[in-house]
$ cat run30.txt   # compact mmCIF, C-alpha atoms and all ligand atoms
# COMPACT_ATOMS: atom_id res chain seq x y z
CA MET D 675 5.94 2.70 -16.30
CA LEU D 676 5.93 1.00 -12.90
CA GLU D 677 7.03 -2.63 -12.89
CA ILE D 678 6.81 -4.55 -9.63
CA SER D 679 8.13 -8.06 -9.76
CA LYS D 680 8.10 -10.78 -7.08
CA LEU D 681 7.87 -8.17 -4.32
CA VAL D 682 8.12 -9.68 -0.85
CA LYS D 683 7.87 -7.77 2.43
CA ARG D 684 8.30 -9.46 5.77
CA TYR D 685 8.24 -7.44 9.00
CA GLY D 686 10.67 -9.11 11.42
CA HIS D 687 10.14 -12.85 11.53
CA ASP D 688 6.40 -12.66 10.81
CA LYS D 689 4.76 -14.25 7.79
CA PRO D 690 5.37 -12.11 4.68
CA VAL D 691 2.85 -9.29 4.33
CA LEU D 692 3.47 -9.17 0.57
CA GLN D 693 3.97 -12.49 -1.15
CA GLU D 694 5.74 -12.34 -4.51
CA LEU D 695 3.56 -9.55 -5.81
CA ASP D 696 3.71 -8.65 -9.51
CA LEU D 697 2.14 -5.47 -10.91
CA VAL D 698 2.71 -3.40 -14.03
CA VAL D 699 1.16 0.07 -14.39
CA GLU D 700 1.58 1.87 -17.68
CA GLY D 701 0.83 5.32 -19.04
CA SER D 702 -1.67 7.46 -17.19
CA SER D 703 -3.63 4.57 -15.67
CA VAL D 704 -5.53 5.20 -12.48
CA VAL D 705 -5.40 2.00 -10.48
CA SER D 706 -7.13 1.37 -7.20
CA ILE D 707 -5.79 -1.11 -4.70
CA VAL D 708 -8.52 -2.67 -2.59
CA GLY D 709 -8.44 -5.26 0.14
CA ALA D 710 -9.42 -5.78 3.73
CA SER D 711 -7.54 -4.13 6.53
CA GLY D 712 -4.11 -5.76 6.84
CA ALA D 713 -4.09 -7.10 3.26
CA GLY D 714 -0.85 -5.20 2.58
CA LYS D 715 -2.07 -2.19 0.58
CA SER D 716 -0.11 0.48 2.48
CA THR D 717 2.94 -1.75 2.69
CA MET D 718 2.92 -2.07 -1.08
CA LEU D 719 2.72 1.69 -1.67
CA ARG D 720 5.38 2.34 0.96
CA CYS D 721 7.72 -0.19 -0.62
CA ILE D 722 7.48 1.77 -3.87
CA ASN D 723 8.75 5.00 -2.29
CA ARG D 724 10.95 3.03 0.12
CA LEU D 725 9.31 4.33 3.28
CA VAL D 726 9.26 0.59 3.90
CA GLU D 727 12.24 -1.56 2.87
CA PRO D 728 11.22 -4.44 0.60
CA THR D 729 12.57 -7.81 1.71
CA SER D 730 13.14 -8.96 -1.87
CA GLY D 731 11.92 -8.44 -5.39
CA SER D 732 12.19 -5.63 -7.88
CA ILE D 733 10.42 -2.28 -8.31
CA ARG D 734 11.30 -0.36 -11.44
CA LEU D 735 10.03 3.10 -12.30
CA ASN D 736 10.57 4.02 -15.93
CA GLY D 737 13.38 1.47 -16.09
CA ASN D 738 15.16 2.53 -12.87
CA GLU D 739 15.44 -0.12 -10.19
CA LEU D 740 14.35 1.43 -6.88
CA VAL D 741 14.96 -1.45 -4.51
CA LYS D 742 18.76 -1.26 -4.28
CA LEU D 743 19.09 2.53 -4.18
CA ARG D 744 20.84 4.23 -1.25
CA GLY D 745 21.76 7.79 -0.20
CA ALA D 746 21.66 10.51 -2.84
CA ALA D 747 20.44 8.14 -5.56
CA LEU D 748 17.48 7.15 -3.37
CA ARG D 749 16.68 10.81 -2.62
CA ARG D 750 16.75 11.60 -6.34
CA ALA D 751 14.45 8.67 -7.12
CA ARG D 752 12.05 9.65 -4.33
CA ARG D 753 11.55 13.11 -5.83
CA LYS D 754 9.90 11.39 -8.76
CA ILE D 755 7.36 9.63 -6.56
CA GLY D 756 4.56 11.88 -5.29
CA MET D 757 2.59 10.75 -2.28
CA VAL D 758 -0.81 11.84 -1.03
CA PHE D 759 -1.79 10.82 2.51
CA GLN D 760 -5.03 10.09 4.32
CA GLY D 761 -4.22 12.69 7.01
CA PHE D 762 -2.93 15.21 4.43
CA ASN D 763 0.43 15.58 6.28
CA LEU D 764 0.46 19.38 6.00
CA ILE D 765 2.34 21.69 8.33
CA ASP D 766 -0.57 23.48 9.98
CA ARG D 767 1.16 26.71 10.98
CA LEU D 768 2.54 27.28 7.48
CA THR D 769 0.59 28.86 4.64
CA VAL D 770 -0.87 26.93 1.75
CA MET D 771 1.88 28.30 -0.53
CA GLU D 772 4.61 27.25 1.91
CA ASN D 773 3.14 23.77 2.15
CA VAL D 774 2.91 23.53 -1.62
CA LEU D 775 6.51 24.69 -2.07
CA ALA D 776 7.62 21.94 0.31
CA GLY D 777 7.12 19.70 -2.71
CA ARG D 778 10.27 21.32 -4.16
CA LEU D 779 12.49 20.50 -1.19
CA GLY D 780 14.16 17.67 -3.07
CA TYR D 781 15.20 20.12 -5.79
CA VAL D 782 16.29 23.36 -4.10
CA SER D 783 19.33 24.00 -1.91
CA LEU D 784 19.02 24.11 1.86
CA TYR D 785 19.76 27.86 1.72
CA GLN D 786 16.95 28.47 -0.76
CA ALA D 787 14.53 26.45 1.36
CA ILE D 788 15.43 28.08 4.69
CA SER D 789 15.43 31.60 3.27
CA ARG D 790 12.31 30.74 1.28
CA ARG D 791 13.98 31.89 -1.92
CA TYR D 792 12.37 29.45 -4.25
CA PRO D 793 13.03 29.93 -7.98
CA LYS D 794 10.46 32.03 -9.83
CA GLU D 795 9.47 29.00 -11.93
CA ASP D 796 8.57 27.10 -8.75
CA ILE D 797 6.29 29.90 -7.56
CA GLU D 798 4.65 30.10 -10.99
CA ARG D 799 4.16 26.36 -11.13
CA ALA D 800 2.68 26.46 -7.63
CA PHE D 801 0.13 29.09 -8.68
CA THR D 802 -0.75 27.25 -11.87
CA LEU D 803 -1.40 24.03 -9.99
CA MET D 804 -3.26 25.75 -7.16
CA GLU D 805 -5.46 27.48 -9.70
CA ARG D 806 -6.03 24.16 -11.41
CA VAL D 807 -7.38 22.57 -8.24
CA GLY D 808 -9.22 25.66 -7.03
CA ILE D 809 -7.12 26.75 -4.03
CA ALA D 810 -5.07 29.66 -5.43
CA HIS D 811 -7.14 32.18 -3.46
CA TYR D 812 -6.00 30.44 -0.26
CA ALA D 813 -2.29 30.78 -1.06
CA ASN D 814 -1.57 32.95 1.99
CA LYS D 815 -3.95 31.25 4.39
CA ARG D 816 -2.66 29.00 7.12
CA ALA D 817 -3.14 25.35 6.25
CA ASP D 818 -5.15 24.70 9.42
CA GLU D 819 -7.79 27.22 8.32
CA LEU D 820 -8.86 25.03 5.40
CA SER D 821 -11.52 22.34 5.20
CA GLY D 822 -10.54 18.69 4.77
CA GLY D 823 -11.20 18.72 1.02
CA GLU D 824 -9.17 21.92 0.57
CA ARG D 825 -6.35 20.48 2.66
CA GLN D 826 -6.26 17.39 0.50
CA ARG D 827 -6.05 19.59 -2.60
CA VAL D 828 -2.99 21.21 -1.01
CA GLY D 829 -1.58 17.71 -0.46
CA VAL D 830 -2.18 16.85 -4.11
CA VAL D 831 -0.54 20.06 -5.36
CA ARG D 832 2.46 19.54 -3.05
CA ALA D 833 2.92 16.07 -4.54
CA LEU D 834 2.61 17.43 -8.09
CA MET D 835 5.21 20.12 -7.35
CA GLN D 836 7.73 17.26 -7.22
CA GLU D 837 7.12 16.77 -10.97
CA PRO D 838 6.50 13.13 -10.15
CA GLU D 839 6.59 10.25 -12.58
CA ILE D 840 3.99 8.46 -10.48
CA LEU D 841 1.49 9.50 -7.82
CA LEU D 842 0.73 7.24 -4.87
CA ALA D 843 -2.35 7.99 -2.78
CA ASP D 844 -2.79 6.14 0.51
CA GLU D 845 -6.48 6.28 1.45
CA PRO D 846 -6.70 9.89 0.18
CA THR D 847 -10.42 10.17 0.89
CA ALA D 848 -10.73 8.24 4.14
CA SER D 849 -10.84 11.41 6.28
CA LEU D 850 -13.36 13.18 4.04
CA ASP D 851 -17.15 13.22 3.80
CA PRO D 852 -18.65 11.24 0.89
CA ARG D 853 -19.22 14.18 -1.42
CA THR D 854 -15.75 15.64 -0.87
CA SER D 855 -14.25 12.16 -1.32
CA GLU D 856 -15.83 11.95 -4.74
CA GLN D 857 -14.46 15.37 -5.68
CA ILE D 858 -10.95 14.29 -4.72
CA MET D 859 -11.28 10.99 -6.61
CA LYS D 860 -12.51 12.87 -9.67
CA LEU D 861 -9.63 15.31 -9.34
CA LEU D 862 -7.04 12.52 -9.21
CA GLN D 863 -8.66 10.89 -12.23
CA SER D 864 -8.55 14.13 -14.26
CA LEU D 865 -5.02 15.05 -13.23
CA ALA D 866 -3.74 11.61 -14.21
CA SER D 867 -4.95 12.09 -17.74
CA GLU D 868 -3.95 15.78 -18.01
CA LEU D 869 -0.44 15.16 -16.73
CA SER D 870 -0.04 11.65 -18.24
CA LEU D 871 0.68 10.39 -14.76
CA PRO D 872 0.06 6.89 -13.44
CA VAL D 873 -1.82 7.02 -10.13
CA LEU D 874 -2.12 4.22 -7.56
CA ILE D 875 -4.83 4.71 -4.97
CA ASN D 876 -5.31 2.59 -1.86
CA ILE D 877 -8.97 2.76 -1.11
CA HIS D 878 -11.51 1.01 1.09
CA ASN D 879 -14.52 2.32 -0.76
CA VAL D 880 -15.03 -0.20 -3.55
CA ALA D 881 -17.91 1.77 -5.08
CA GLN D 882 -15.64 4.78 -5.56
CA ALA D 883 -12.86 2.57 -6.88
CA LYS D 884 -15.26 1.24 -9.49
CA THR D 885 -16.48 4.68 -10.48
CA TYR D 886 -13.28 6.69 -10.53
CA THR D 887 -10.51 4.28 -11.49
CA GLU D 888 -10.06 2.25 -14.64
CA ARG D 889 -8.41 -0.77 -13.07
CA ILE D 890 -8.87 -2.48 -9.74
CA VAL D 891 -6.24 -4.60 -8.04
CA GLY D 892 -7.52 -6.72 -5.17
CA LEU D 893 -5.18 -7.95 -2.46
CA ARG D 894 -5.81 -10.61 0.12
CA HIS D 895 -3.17 -11.63 2.66
CA GLY D 896 -0.47 -10.02 0.53
CA LYS D 897 -1.41 -11.78 -2.70
CA MET D 898 -3.04 -10.27 -5.74
CA ILE D 899 -6.27 -12.13 -6.32
CA PHE D 900 -7.98 -9.72 -8.70
CA ASP D 901 -6.65 -7.47 -11.45
CA GLY D 902 -9.15 -6.14 -13.91
CA ALA D 903 -11.59 -3.52 -15.09
CA PRO D 904 -14.34 -2.24 -12.77
CA SER D 905 -16.92 -3.92 -15.02
CA ASP D 906 -15.30 -7.30 -14.25
CA PHE D 907 -15.31 -6.64 -10.54
CA THR D 908 -18.25 -8.87 -9.76
CA LYS D 909 -19.70 -10.10 -6.50
CA ASP D 910 -17.41 -13.15 -6.82
CA ALA D 911 -14.35 -10.90 -6.88
CA LEU D 912 -15.73 -9.00 -3.89
CA ASP D 913 -16.27 -12.27 -2.01
CA ALA D 914 -12.80 -13.52 -2.91
CA ILE D 915 -11.20 -10.35 -1.58
CA TYR D 916 -13.37 -9.73 1.47
CA GLY D 917 -15.05 -13.11 2.05
CA GLY D 918 -15.16 -13.95 5.74
CA ILE D 919 -13.83 -10.49 6.58
CA GLU D 920 -16.18 -7.84 7.84
CA ALA D 921 -16.47 -4.68 5.75
CA PRO D 922 -19.25 -2.10 5.89
CA GLU D 923 -21.80 -3.11 3.26
CA GLU D 924 -22.43 0.45 2.06
CA GLU D 925 -18.70 1.01 1.43
CA LEU D 926 -18.62 -1.94 -0.90
CA THR D 927 -21.79 -1.50 -2.86
CA ALA D 928 -23.14 2.06 -2.62
CA GLU D 929 -22.94 3.97 -5.88
CA PRO D 930 -21.31 7.38 -5.52
CA ASP D 931 -23.82 10.19 -5.91
CA LYS D 932 -22.34 11.88 -8.96
CA ALA D 933 -25.35 14.12 -9.39
CA GLN D 934 -24.69 15.75 -6.05
CA SER D 935 -20.93 15.98 -6.24
CA GLY D 936 -21.23 19.57 -7.43
CA VAL D 937 -17.62 19.92 -8.55
CA PRO D 938 -17.04 22.77 -10.96
CA HIS D 939 -15.70 21.25 -14.18
CA ASP D 940 -12.42 23.14 -14.09
CA GLN D 941 -11.59 21.78 -10.66
CA THR D 942 -11.88 18.08 -11.44
N1 LIG U 1001 5.85 -1.39 10.73
C1 LIG U 1001 5.26 -2.58 10.85
N2 LIG U 1001 5.77 -3.54 11.66
C2 LIG U 1001 5.19 -4.75 11.78
N3 LIG U 1001 4.07 -5.12 11.10
C3 LIG U 1001 3.52 -4.19 10.29
C4 LIG U 1001 4.07 -2.89 10.12
N4 LIG U 1001 3.31 -2.20 9.24
C5 LIG U 1001 2.31 -3.05 8.88
N5 LIG U 1001 2.44 -4.23 9.52
C6 LIG U 1001 1.54 -5.40 9.36
O1 LIG U 1001 1.49 -5.72 7.99
C7 LIG U 1001 0.18 -6.13 7.63
C8 LIG U 1001 -0.30 -5.29 6.45
O2 LIG U 1001 -0.44 -3.95 6.88
P1 LIG U 1001 -0.82 -2.79 5.86
O3 LIG U 1001 -0.89 -1.53 6.66
O4 LIG U 1001 0.08 -2.83 4.70
O5 LIG U 1001 -2.28 -3.25 5.42
P2 LIG U 1001 -3.42 -2.43 4.70
O6 LIG U 1001 -4.02 -3.34 3.70
O7 LIG U 1001 -2.89 -1.14 4.21
O8 LIG U 1001 -4.42 -2.20 5.90
P3 LIG U 1001 -5.36 -0.91 6.20
O9 LIG U 1001 -6.41 -0.93 5.14
O10 LIG U 1001 -5.91 -1.21 7.56
O11 LIG U 1001 -4.48 0.30 6.18
C9 LIG U 1001 -0.69 -5.99 8.87
O12 LIG U 1001 -0.80 -7.25 9.46
C10 LIG U 1001 0.11 -5.06 9.73
O13 LIG U 1001 -0.11 -5.33 11.11
$ encode --input "run30.txt" --output "structure tokens"
Amino acid sequence: MLEISKLVKRYGHDKPVLQELDLVVEGSSVVSIVGASGAGKSTMLRCINRLVEPTSGSIRLNGNELVKLRGAALRRARRKIGMVFQGFNLIDRLTVMENVLAGRLGYVSLYQAISRRYPKEDIERAFTLMERVGIAHYANKRADELSGGERQRVGVVRALMQEPEILLADEPTASLDPRTSEQIMKLLQSLASELSLPVLINIHNVAQAKTYTERIVGLRHGKMIFDGAPSDFTKDALDAIYGGIEAPEEELTAEPDKAQSGVPHDQT
């Protein structure tokens, strides 16, 4: 369970970007975080894995307070937090398998990593997960030879190799075409339930948030102003979150074209 309480983040002397934010995510919930550019979505995710230092407040993952951790304790806690990025963050000249195994870096010794002597169980787990998301046949391909959707699947598998207790996805579909975006959203949704993993997804596309996540959290100027089911996410909620702020109309209202998504069942 993730429990965020009174989280404040202030960059320098500016106004706080997150203002006493509270959020609890239980079980295998898939939660989307929506809000206009600058609302504080990325800052919130990055406070959770401490890529950004919270100014005050508490973030507990399965009972462990993350905010005060330092050194080895912080590194241990970070292993349990998987992160998927908009730009995939793969190492292009390495193979898919090598990128995937990078998810084990927090667990293996430096010698094992440098000599690429990963434990047999890690290799097996890598293949199982790659098969699950449909990229096992690319194991020995260079990462830069893959399409965007395939690269994001590598990013997802790398995060899962950490055996995370939570998965954070920062705009995971923003670099992908609409159909591929839907496949990735569907994949995250299925993996959350298969692996009993809570997933937090920052997303600009409200229509996809409504279709592929079970709970929507809306931020505006660092405050949570909506927290509910997609069915409760009415035009009023949309106006409250984005009112007076320009957002592309089709991103907010267009229904994802599920009929055309064409994702084989075993890959979603
Ligand atoms: N490292 C930083 N130093 C100073 N200000 C920052 C830093 N990172 C973010 N900010 C500011 O914090 C605010 C929130 O940014 P954040 O990236 O969290 O918003 P966001 O909702 O994720 O936006 P987007 O959807 O555009 O990614 C913005 O005003 C941004 O300029």
$ closest_atom_pairs --input "run30.txt" --of "chain D" --to "ligand LIG 1001 (chain U)" --cutoff "9 Å" --atoms "all atoms listed in the file" --output "Markdown table"
| residue | atom | partner | partner_atom | distance |
| --- | --- | --- | --- | --- |
| D:Lys683 | CA | U:LIG1001 | O1 | 8.7 |
| D:Arg684 | CA | U:LIG1001 | N3 | 8.1 |
| D:Tyr685 | CA | U:LIG1001 | C2 | 4.9 |
| D:Gly686 | CA | U:LIG1001 | C2 | 7.0 |
| D:Asp688 | CA | U:LIG1001 | N3 | 7.9 |
| D:Pro690 | CA | U:LIG1001 | O1 | 8.2 |
| D:Val691 | CA | U:LIG1001 | O1 | 5.3 |
| D:Leu692 | CA | U:LIG1001 | C8 | 8.0 |
| D:Ile707 | CA | U:LIG1001 | O6 | 8.9 |
| D:Val708 | CA | U:LIG1001 | O6 | 7.8 |
| D:Gly709 | CA | U:LIG1001 | O6 | 6.0 |
| D:Ala710 | CA | U:LIG1001 | O9 | 5.9 |
| D:Ser711 | CA | U:LIG1001 | O10 | 3.5 |
| D:Gly712 | CA | U:LIG1001 | O5 | 3.4 |
| D:Ala713 | CA | U:LIG1001 | O6 | 3.8 |
| D:Gly714 | CA | U:LIG1001 | O4 | 3.3 |
| D:Lys715 | CA | U:LIG1001 | O6 | 3.9 |
| D:Ser716 | CA | U:LIG1001 | O7 | 3.7 |
| D:Thr717 | CA | U:LIG1001 | O4 | 3.7 |
| D:Met718 | CA | U:LIG1001 | O4 | 6.5 |
| D:Leu719 | CA | U:LIG1001 | O4 | 8.2 |
| D:Arg720 | CA | U:LIG1001 | O4 | 8.3 |
| D:Val726 | CA | U:LIG1001 | N1 | 7.9 |
| D:Asp844 | CA | U:LIG1001 | O7 | 8.2 |
| D:Glu845 | CA | U:LIG1001 | O11 | 7.9 |
| D:Asn876 | CA | U:LIG1001 | O7 | 7.5 |
| D:Ile877 | CA | U:LIG1001 | O9 | 7.7 |
| D:His878 | CA | U:LIG1001 | O9 | 6.8 |
| D:Leu893 | CA | U:LIG1001 | O6 | 7.8 |
| D:Arg894 | CA | U:LIG1001 | O6 | 8.3 |
| D:His895 | CA | U:LIG1001 | C8 | 7.9 |
| D:Gly896 | CA | U:LIG1001 | C8 | 7.6 |
$ atom_distance --input "run30.txt" --atom1 "CA of Ala751 (chain D)" --atom2 "CA of Gly731 (chain D)"
17.4 Å
$ residues_around --input "run30.txt" --residues "Pro872 (chain D)" --least-positions-apart "3" --cutoff "6 Å" --atoms "all atoms listed in the file" --output "PyMOL selection string"
chain D and resi 701-704+840
$ atom_distance --input "run30.txt" --atom1 "CA of Glu868 (chain D)" --atom2 "CA of Leu842 (chain D)"
16.4 Å
$ atom_distance --input "run30.txt" --atom1 "CA of Asn736 (chain D)" --atom2 "CA of Ala787 (chain D)"
28.6 Å
$ closest_residue --input "run30.txt" --among "D:Leu803, D:Ile890, D:Leu850, D:Ala843" --to "Val873 (chain D)" --atoms "only C-alpha atoms"
D:Ala843
$ closest_residue --input "run30.txt" --among "D:Asp766, D:Arg724, D:Leu748, D:Thr729" --to "Leu695 (chain D)" --atoms "all atoms listed in the file"
D:Thr729
$ closest_atom_pairs --input "run30.txt" --of "region 680-777 of chain D" --to "region 807-810 of chain D" --cutoff "12 Å" --atoms "only C-alpha atoms" --output "Markdown table"
| residue | atom | partner | partner_atom | distance |
| --- | --- | --- | --- | --- |
| D:Thr769 | CA | D:Ala810 | CA | 11.6 |
| D:Val770 | CA | D:Ile809 | CA | 8.5 |
| D:Met771 | CA | D:Ala810 | CA | 8.6 |
| D:Val774 | CA | D:Ala810 | CA | 10.8 |
$ write_last_selection --input "run30.txt" --atoms "C-alpha atoms" --output "JSON list (two decimals), in the frame of the given file"
[["chain", "number", "residue", "atom", "x", "y", "z"],
["D", 769, "THR", "CA", 0.59, 28.86, 4.64],
["D", 770, "VAL", "CA", -0.87, 26.93, 1.75],
["D", 771, "MET", "CA", 1.88, 28.30, -0.53],
["D", 774, "VAL", "CA", 2.91, 23.53, -1.62]]
$ residues_around --input "run30.txt" --residues "Lys884 (chain D)" --least-positions-apart "4" --cutoff "9 Å" --atoms "all atoms listed in the file" --output "list in words"
Ser706, Asn879, Val880, Glu888, Arg889, Ile890, Ala903, Pro904, Ser905, Phe907 and Glu929 of chain D
$ write_last_selection --input "run30.txt" --atoms "C-alpha atoms" --output "PDB file, keeping the file's coordinate frame"
ATOM      1  CA  SER D 706      -7.130   1.370  -7.200  1.00  0.00           C
ATOM      2  CA  ASN D 879     -14.520   2.320  -0.760  1.00  0.00           C
ATOM      3  CA  VAL D 880     -15.030  -0.200  -3.550  1.00  0.00           C
ATOM      4  CA  GLU D 888     -10.060   2.250 -14.640  1.00  0.00           C
ATOM      5  CA  ARG D 889      -8.410  -0.770 -13.070  1.00  0.00           C
ATOM      6  CA  ILE D 890      -8.870  -2.480  -9.740  1.00  0.00           C
ATOM      7  CA  ALA D 903     -11.590  -3.520 -15.090  1.00  0.00           C
ATOM      8  CA  PRO D 904     -14.340  -2.240 -12.770  1.00  0.00           C
ATOM      9  CA  SER D 905     -16.920  -3.920 -15.020  1.00  0.00           C
ATOM     10  CA  PHE D 907     -15.310  -6.640 -10.540  1.00  0.00           C
ATOM     11  CA  GLU D 929     -22.940   3.970  -5.880  1.00  0.00           C
TER      12      GLU D 929
END
$ residues_near_point --input "run30.txt" --point "(1.4, 18.4, 7.6)" --cutoff "10 Å" --atoms "all atoms listed in the file" --output "list in words"
Phe759, Gly761, Phe762, Asn763, Leu764, Ile765, Asp766, Arg767, Leu768, Asn773, Ala817, Asp818, Arg825 and Gly829 of chain D
$ write_last_selection --input "run30.txt" --atoms "C-alpha atoms" --output "CSV table (one decimal), keeping the file's coordinate frame"
chain,number,residue,atom,x,y,z
D,759,PHE,CA,-1.8,10.8,2.5
D,761,GLY,CA,-4.2,12.7,7.0
D,762,PHE,CA,-2.9,15.2,4.4
D,763,ASN,CA,0.4,15.6,6.3
D,764,LEU,CA,0.5,19.4,6.0
D,765,ILE,CA,2.3,21.7,8.3
D,766,ASP,CA,-0.6,23.5,10.0
D,767,ARG,CA,1.2,26.7,11.0
D,768,LEU,CA,2.5,27.3,7.5
D,773,ASN,CA,3.1,23.8,2.2
D,817,ALA,CA,-3.1,25.4,6.2
D,818,ASP,CA,-5.2,24.7,9.4
D,825,ARG,CA,-6.4,20.5,2.7
D,829,GLY,CA,-1.6,17.7,-0.5
$ residues_around --input "run30.txt" --residues "Leu775 (chain D)" --least-positions-apart "5" --cutoff "12 Å" --atoms "only C-alpha atoms" --output "PyMOL selection string"
chain D and resi 764-765+768-770+780-782+786-788+790-801+803-804+813+828-837
$ residues_near_point --input "run30.txt" --point "(-16.8, 15.8, -0.9)" --cutoff "9 Å" --atoms "all atoms listed in the file" --output "PyMOL selection string"
chain D and resi 822-823+847+850-858+935-937
$ decode --input "run30.txt" --residues "region 782-810 of chain D" --atoms "C-alpha atoms" --output "PDB file, in the first residue's frame"
ATOM      1  CA  VAL D 782      23.462  -8.175  -8.104  1.00  0.00           C
ATOM      2  CA  SER D 783      27.074  -7.403  -7.218  1.00  0.00           C
ATOM      3  CA  LEU D 784      29.126  -4.993  -9.300  1.00  0.00           C
ATOM      4  CA  TYR D 785      31.238  -7.954 -10.485  1.00  0.00           C
ATOM      5  CA  GLN D 786      28.178  -9.858 -11.663  1.00  0.00           C
ATOM      6  CA  ALA D 787      26.867  -6.798 -13.484  1.00  0.00           C
ATOM      7  CA  ILE D 788      30.156  -5.890 -15.196  1.00  0.00           C
ATOM      8  CA  SER D 789      30.926  -9.473 -16.201  1.00  0.00           C
ATOM      9  CA  ARG D 790      27.269  -9.939 -17.144  1.00  0.00           C
ATOM     10  CA  ARG D 791      27.048 -13.008 -14.925  1.00  0.00           C
ATOM     11  CA  TYR D 792      23.500 -12.606 -13.832  1.00  0.00           C
ATOM     12  CA  PRO D 793      21.986 -15.454 -11.796  1.00  0.00           C
ATOM     13  CA  LYS D 794      20.120 -18.086 -13.809  1.00  0.00           C
ATOM     14  CA  GLU D 795      16.859 -17.126 -12.087  1.00  0.00           C
ATOM     15  CA  ASP D 796      17.245 -13.557 -13.357  1.00  0.00           C
ATOM     16  CA  ILE D 797      17.671 -14.733 -16.943  1.00  0.00           C
ATOM     17  CA  GLU D 798      14.662 -17.035 -16.606  1.00  0.00           C
ATOM     18  CA  ARG D 799      12.551 -14.286 -15.115  1.00  0.00           C
ATOM     19  CA  ALA D 800      13.640 -11.967 -17.926  1.00  0.00           C
ATOM     20  CA  PHE D 801      12.508 -14.476 -20.559  1.00  0.00           C
ATOM     21  CA  THR D 802       9.213 -15.129 -18.797  1.00  0.00           C
ATOM     22  CA  LEU D 803       8.415 -11.437 -18.633  1.00  0.00           C
ATOM     23  CA  MET D 804       9.599 -10.754 -22.185  1.00  0.00           C
ATOM     24  CA  GLU D 805       7.413 -13.580 -23.420  1.00  0.00           C
ATOM     25  CA  ARG D 806       4.525 -12.177 -21.432  1.00  0.00           C
ATOM     26  CA  VAL D 807       4.743  -8.815 -23.182  1.00  0.00           C
ATOM     27  CA  GLY D 808       5.616 -10.229 -26.595  1.00  0.00           C
ATOM     28  CA  ILE D 809       9.272  -9.208 -27.000  1.00  0.00           C
ATOM     29  CA  ALA D 810      11.156 -12.447 -26.217  1.00  0.00           C
TER      30      ALA D 810
END
